[in-house]
2 protein chains.
Amino acid sequence: MSRDPAERVHHRANVREVAERAGVAISSVSRVLSEHPDVSSAMRARVLAVVDELGYEPDFLAQSLRRGSTLSVGFVVGDISNPVMSNFARGAESVLRAAGYSMLLMNSDGDPELDEAHIRFFLGRRVDGMLLSLASEKRRATLDLLEHIGVPVVVIDREVPARIGANAVLSDHRAGMRAATEHLLDLGHRRIGLIIPSLEMRAGRERVGGMRDAIAARGIADESIVLPGSLLAEHGEAATNQLLDLPHPPTAIIAGGNQLLIGTLRVLTARGKLVGEDIALVTCDDLPLAELYRPPIATIARDTVGIGRAAAQLLHARLQHAEEPATVILPTTYRARASASMAPREVAR
Amino acid sequence: MSRDPAERVHHRANVREVAERAGVAISSVSRVLSEHPDVSSAMRARVLAVVDELGYEPDFLAQSLRRGSTLSVGFVVGDISNPVMSNFARGAESVLRAAGYSMLLMNSDGDPELDEAHIRFFLGRRVDGMLLSLASEKRRATLDLLEHIGVPVVVIDREVPARIGANAVLSDHRAGMRAATEHLLDLGHRRIGLIIPSLEMRAGRERVGGMRDAIAARGIADESIVLPGSLLAEHGEAATNQLLDLPHPPTAIIAGGNQLLIGTLRVLTARGKLVGEDIALVTCDDLPLAELYRPPIATIARDTVGIGRAAAQLLHARLQHAEEPATVILPTTYRARASASMAPREVAR
DNA sequence: GCTGGAGGAGGTACCGTTTCCAGTTCTCCG
DNA sequence: CGGAGAACTGGAAACGGTACCTCCTCCAGC
């Protein structure tokens, strides 16, 4: 009767009912279920039998309220429909799930105010920790909020002041960009256009730094053009147009993001410029579009799923042993492909 | 002193402290905050002043426990790194957020057992409702579980028995596929290879149905070849190889998914087949790759973000007014592009 | 035989709310 | 002026657990 599956689902048994039916104290039920050592085997058997009979499962809310921990983690992402972000989420979720945590996801649309709103929201939801891909590294209000947040935070590919006490997972954008630039220089390019989302973000700064490192290492004049803007395809379009309209247009373009690449490709196609012939092209983050484009597009790749995993692992470690904040730097790899072609003769001065 | 921001964050005030400081009963504080009508304006002012002073915010866990509602929704997705899924999530999240709900996300990796595990997990977390992109429409255990689940469920692009009482958001795959097939037939194609994830899913069945509808409507012999398998790129590769190896290979291929398209493109490239010249190609879901490929790839498009939004709206409506389960069907649009090219003369018998 | 400690079980305060119930005051009407 | 009812307010019981504290029993050791 009480085994009727429908009833079992509709009327959730609670610990009191289990205790009554087993003829023991509520606290004993709790002890059995939390595997407290001081429990006789007779007691354990009796309680477990009733637990099984009633299909009892502890109420997670009540446990959370009492324990002060919700086993949940908030993840603020710029835009989950961006493949890089969704790979972060993919990696993070698998690690969190394995550790028994649930992942709450919110999009900020790149709006720092939404970042803050989401962080506060998560705080209200009593998350045990947060994974943040912040819209801004500099915004004062966000940083102040994070400083007093009270729960462990891991930032993904962002550089925040040490006072915040956050963990960070970073990509070594500099190394990949250096390799890409070296390749372009080897191919005879001198004027390289670099389109990036923003110099306010670590990724942008490191990429510019990597390119300039490579140029400086050759002791040649720096003829590169850096165009920061936004991470939207529109910026990719505008910047590409701008580059092509220069009196001496660059012979190579590096698109610093998958959306930027889309904008760049749109403009190159519209203006009849052939990738890998009229102009060399390199992008960041290896998506199917880069691999399958014809010609294939050279890429500065990184393991985005691995970054998400690393972030979640860092958070989990801190949640477990209250470890010190740490920073993990993960590699980027330059993948040379046909789009990174020789510079035209007459321009390779 | 008590306005020190650090202290405010670390020591969260509770309703009892507010009541004490304001010199009123706990229940009065609660009434003020929940905007109960029977509250004098003097009381309201006094309580609100203290609330402000202490920076009091009600504990969401305690509220949830008491109210029996968590204002959270679980979303089970096959793989969030798939752009279609992440667009679903994008759309759903924006609607849920606006309604004050949080979204818990889990990946099933297309494993029906993980679907079930996640559904149970969400149940344990006391979600108010669920959004499901199930790995299987047929699995008995999943359906039985859903039937007795006790919370509103919306399935996305899946067909489940009415007894489950779920809402559904469906895509009109049939119409888009019919239009695509008509276009290919107009271009002289007769042997069309259709690569789909599975016939066990509504999407697959409808797509096959749409293609056959279009062929039958012309009263011509059906020479199409349908290759179901999985939704992975590997199936796209294997199926494409299989099609090309036929004694009479198809002159047009329709890839029924973005991962399948990737596999198909890999094989076509490897085997030196030029898209839009040696073979016509159509894909499903309009991603940047399809738009920017050269030649651009014809697509059966749908508003994936809109689907996610619709699913969340359906769920929200049901959560609000306990409405009857409903089904929403959203359109697909065929976008003809250069990859859908004329059939070679000698094959157009 | 008494004491001390361990093993085991029960009782209950507490987590932080909401909400019902009861009680008080005040107003208005007959 | 008495009583009905409205307008407020306070107290306390939930919600469903956890964990501390207490108490009892039994056994070993002196």
# chains A, B, ... in the order shown; residues from 1 in each chain; ligands from 1
call {"tool": "interface_residues", "arguments": {"of": "chain D", "to": "chain B", "cutoff": "9 Å", "atoms": "only C-alpha atoms (C1' of nucleotides)", "output": "PyMOL selection string"}}
result
chain D and resi 7-11+14-16
call {"tool": "residues_around", "arguments": {"residues": "B:Leu132", "least_positions_apart": "2", "cutoff": "7 Å", "atoms": "only C-alpha atoms (C1' of nucleotides)", "output": "short mmCIF file (atom, residue, chain, number, x, y, z; two decimals) with C-alpha atoms, in the first residue's frame"}}
result
data_model
loop_
_atom_site.label_atom_id
_atom_site.label_comp_id
_atom_site.auth_asym_id
_atom_site.auth_seq_id
_atom_site.Cartn_x
_atom_site.Cartn_y
_atom_site.Cartn_z
CA PHE B 75 17.75 21.75 -17.74
CA VAL B 76 19.04 18.45 -19.06
CA VAL B 77 20.81 18.86 -22.34
CA MET B 130 12.38 20.88 -15.81
CA LEU B 134 16.02 13.84 -23.80
CA VAL B 154 8.79 20.71 -20.98
CA VAL B 155 10.48 18.57 -23.59
CA ILE B 156 12.40 20.24 -26.35
#
call {"tool": "select_by_dssp", "arguments": {"residues": "stretch 101-319 of chain A", "states": "alpha helix (DSSP H)", "output": "PyMOL selection string"}}
result
chain A and resi 112-124+140-147+173-186+202-217+233-244+258-270+288-292+304-319
call {"tool": "closest_residue", "arguments": {"among": "A:Glu137, A:Asp144, A:Glu53, A:Asp278", "to": "chain B", "atoms": "only C-alpha atoms"}}
result
A:Asp144
call {"tool": "interface_residues", "arguments": {"of": "chain C", "to": "chain B", "cutoff": "10 Å", "atoms": "only C-alpha atoms (C1' of nucleotides)", "output": "ChimeraX atom specification"}}
result
/C:15-19
call {"tool": "closest_residue", "arguments": {"among": "A:Val84, A:Val47, A:Val18, A:Met177", "to": "chain B", "atoms": "only C-alpha atoms"}}
result
A:Val84
call {"tool": "interface_residues", "arguments": {"of": "chain B", "to": "chain A", "cutoff": "8 Å", "atoms": "only C-alpha atoms", "output": "PyMOL selection string"}}
result
chain B and resi 5-6+9-10+59-62+64-65+79-83+86-87+89-90+93-94+97+102-107+124-126+148-150+262+265-266+288-289+292-294
call {"tool": "write_last_selection", "arguments": {"atoms": "N, CA and C atoms", "output": "short mmCIF file (atom, residue, chain, number, x, y, z; two decimals), in the first residue's frame"}}
result
data_model
loop_
_atom_site.label_atom_id
_atom_site.label_comp_id
_atom_site.auth_asym_id
_atom_site.auth_seq_id
_atom_site.Cartn_x
_atom_site.Cartn_y
_atom_site.Cartn_z
N PRO B 5 30.75 47.46 5.65
CA PRO B 5 30.37 46.53 4.59
C PRO B 5 30.88 45.10 4.83
N ALA B 6 32.09 45.00 5.32
CA ALA B 6 32.66 43.66 5.53
C ALA B 6 31.78 42.87 6.49
N VAL B 9 28.52 41.68 5.11
CA VAL B 9 28.57 40.51 4.24
C VAL B 9 28.82 39.25 5.06
N HIS B 10 29.71 39.36 6.01
CA HIS B 10 30.08 38.14 6.73
C HIS B 10 28.99 37.69 7.68
N ASP B 59 16.75 34.78 3.84
CA ASP B 59 17.51 33.61 3.40
C ASP B 59 16.66 32.78 2.44
N PHE B 60 17.22 32.63 1.26
CA PHE B 60 16.44 31.96 0.23
C PHE B 60 16.16 30.50 0.56
N LEU B 61 17.10 29.86 1.20
CA LEU B 61 16.91 28.45 1.56
C LEU B 61 15.75 28.29 2.52
N ALA B 62 15.75 29.12 3.53
CA ALA B 62 14.69 29.01 4.53
C ALA B 62 13.34 29.29 3.88
N SER B 64 12.57 28.82 0.76
CA SER B 64 12.23 27.69 -0.10
C SER B 64 11.70 26.53 0.73
N LEU B 65 12.37 26.26 1.82
CA LEU B 65 11.95 25.15 2.68
C LEU B 65 10.53 25.37 3.15
N ASP B 79 24.43 17.89 -24.81
CA ASP B 79 25.81 18.37 -24.71
C ASP B 79 25.79 19.87 -24.94
N ILE B 80 26.06 20.62 -23.92
CA ILE B 80 25.96 22.07 -24.02
C ILE B 80 26.97 22.63 -25.00
N SER B 81 28.01 21.87 -25.33
CA SER B 81 28.98 22.41 -26.27
C SER B 81 28.48 22.32 -27.72
N ASN B 82 27.36 21.64 -27.91
CA ASN B 82 26.73 21.68 -29.22
C ASN B 82 26.00 23.02 -29.37
N PRO B 83 26.33 23.76 -30.43
CA PRO B 83 25.79 25.11 -30.57
C PRO B 83 24.26 25.17 -30.53
N SER B 86 23.35 24.97 -26.90
CA SER B 86 23.72 26.15 -26.12
C SER B 86 22.81 27.32 -26.48
N ASN B 87 22.29 27.32 -27.70
CA ASN B 87 21.30 28.34 -28.03
C ASN B 87 19.99 28.09 -27.30
N ALA B 89 19.76 26.79 -24.43
CA ALA B 89 20.03 27.21 -23.05
C ALA B 89 20.03 28.72 -22.94
N ARG B 90 20.60 29.35 -23.95
CA ARG B 90 20.65 30.82 -23.98
C ARG B 90 19.25 31.41 -23.91
N GLU B 93 17.49 30.52 -20.53
CA GLU B 93 18.02 31.23 -19.37
C GLU B 93 17.50 32.66 -19.31
N SER B 94 17.42 33.32 -20.45
CA SER B 94 17.01 34.72 -20.41
C SER B 94 15.57 34.84 -19.91
N ARG B 97 15.48 33.78 -16.10
CA ARG B 97 16.08 34.81 -15.26
C ARG B 97 15.10 35.95 -15.03
N SER B 102 16.29 30.38 -11.31
CA SER B 102 17.65 30.03 -11.69
C SER B 102 17.62 28.74 -12.48
N MET B 103 18.61 28.58 -13.33
CA MET B 103 18.66 27.43 -14.22
C MET B 103 19.83 26.52 -13.86
N LEU B 104 19.50 25.28 -13.53
CA LEU B 104 20.54 24.29 -13.26
C LEU B 104 20.76 23.49 -14.53
N LEU B 105 22.01 23.35 -14.91
CA LEU B 105 22.30 22.72 -16.19
C LEU B 105 23.07 21.43 -16.02
N MET B 106 22.65 20.38 -16.72
CA MET B 106 23.42 19.14 -16.72
C MET B 106 23.46 18.53 -18.11
N ASN B 107 24.57 17.91 -18.42
CA ASN B 107 24.77 17.25 -19.72
C ASN B 107 24.53 15.75 -19.59
N GLY B 124 15.67 15.78 -6.41
CA GLY B 124 16.25 15.90 -5.08
C GLY B 124 16.54 17.34 -4.73
N ARG B 125 16.92 18.11 -5.75
CA ARG B 125 17.21 19.53 -5.52
C ARG B 125 15.94 20.36 -5.45
N ARG B 126 14.80 19.69 -5.55
CA ARG B 126 13.51 20.37 -5.43
C ARG B 126 13.27 21.43 -6.48
N HIS B 148 5.53 10.07 -13.22
CA HIS B 148 5.23 10.24 -11.79
C HIS B 148 6.08 11.31 -11.13
N ILE B 149 6.52 12.23 -11.94
CA ILE B 149 7.56 13.11 -11.47
C ILE B 149 7.04 14.22 -10.55
N GLY B 150 5.80 14.64 -10.79
CA GLY B 150 5.20 15.60 -9.86
C GLY B 150 5.52 17.06 -10.12
N ILE B 262 29.91 18.41 -40.10
CA ILE B 262 31.36 18.43 -39.93
C ILE B 262 31.98 17.16 -40.49
N LEU B 265 31.75 17.20 -44.33
CA LEU B 265 32.71 18.11 -44.95
C LEU B 265 34.13 17.53 -44.89
N ARG B 266 34.44 16.90 -43.77
CA ARG B 266 35.78 16.31 -43.66
C ARG B 266 36.00 15.30 -44.78
N PRO B 288 27.50 29.53 -38.22
CA PRO B 288 28.45 30.33 -39.00
C PRO B 288 29.15 29.50 -40.08
N LEU B 289 29.47 28.27 -39.73
CA LEU B 289 30.15 27.42 -40.72
C LEU B 289 29.37 27.33 -42.01
N LEU B 292 29.42 30.77 -43.87
CA LEU B 292 30.71 31.29 -44.33
C LEU B 292 31.50 30.31 -45.18
N TYR B 293 31.05 29.09 -45.23
CA TYR B 293 31.75 28.12 -46.06
C TYR B 293 31.73 28.62 -47.50
N ARG B 294 32.71 28.19 -48.24
CA ARG B 294 32.74 28.59 -49.64
C ARG B 294 32.66 27.35 -50.49
#
